[in-house]
Amino acid sequence: MDLSILEQLREQTRPAHLALETQPLLKQLLSSRLTRAEYGQVLQAMLAFYQSLELELVPAAAALLRRHPSPDYQYLPRAPLLADDCRALGCASAGFIHPPVEIQLGGRGANLPGVLYVIEGSTQGGKFIAKHLAHTLGVSEDSGASFFHNQRWANSWPAFRRWFGTDWAHDRQAEIDSVIAGANMTFSALHTHFDHWQGLTHGR
Ligand code: HEM
């Protein structure tokens with residue numbers, strides 16, 4: 001049976017997703033003993049990742065959407081939300097020197113839909129994380145959890161799926177392979193980034 005591109009993406013990135021969930025910095029997000037300081041560290045790491053990635057990703061996604069317009073999907077930048085959340089938590093949002101995020105969006109952008117899949121899909125896990133943050137730390141959309149807040153993303157995942165479910169991105173198996181490679185590259189770049197971040201902050 002032929003699987004849709006979204007089903008293939010989900011299946012073929014499952015190991016990378018599971019591995020990322022066990023990364024210690026991320027794992028502690030769902031701990032019942034999570035502290036504000038630990039949450040602040042995750043926000044800072046996320047902010048550094050998205051700031052670096054979105055320098056290229058925002059214009060690349062806009063160019064892709066010009067080539068393949070969608071009636072209702074657009075990429076909403078995450079870095080400004082993370083910067084607000086860092087401020088609300090009172091954590092510095094700059095000052096760390098960290099390696100740049102290693103994701104290649106260049107060439108004809110064949111990887112790009114896979115990168116967007118990972119970012120848009122992560123809002124699905126974000127729902128659970130938002131509930132947990134409200135419960136353990138009492139933070140909500142306007143007090144440090146705007147990035148994870150589910151209402152904000154309620155439309156973007158379905159809109160992304162509708163846009164991406166049409167056949168522009170994956171007429172041929174070679175294209176599907178590039179999209180899946182882009183998604184796995186994104187998971188692994190984020191994982192590596194969190195590992196580096198953990199080394200930096202725990203070595204201080
Ligand atoms: C503690 C961290 C995380 C937890 C507990 C978690 C958990 C989840 C859960 C429960 C779902 C929904 C599955 C479903 O509806 O069937 C999901 C979906 C997803 N998550 Fe995560 N997640 C985490 C972190 C991340 C991160 C950091 C990313 C990438 C930036 C990510 C990417 C995705 C994607 C792409 C999907 C959609 C899969 C699909 O339906 O195709 N997750 N996650």
# chains A, B, ... in the order shown; residues from 1 in each chain; ligands from 1
call {"tool": "residues_near_ligand", "arguments": {"ligand": "ligand 1", "cutoff": "10 Å", "atoms": "only C-alpha atoms and all ligand atoms", "output": "MDAnalysis selection string"}}
result
chainID A and resid 5:14 16:31 46 50 114:129 157 161 183:184 186:191 194
call {"tool": "select_by_dssp", "arguments": {"residues": "region 31-198 of chain A", "states": "alpha helix (DSSP H)", "output": "MDAnalysis selection string"}}
result
chainID A and resid 36:67 79:89 112:137 156:165 173:198
call {"tool": "residues_around", "arguments": {"residues": "Gly40 (chain A)", "least_positions_apart": "3", "cutoff": "10 Å", "atoms": "only C-alpha atoms", "output": "list in words"}}
result
Thr35, Arg36, Ala37, Leu43, Gln44, Ala45, Met46, Asp85, Cys86, Arg87, Ala88, Leu89, Gly90, Cys91, Ala92, Ser93 and Gly144 of chain A
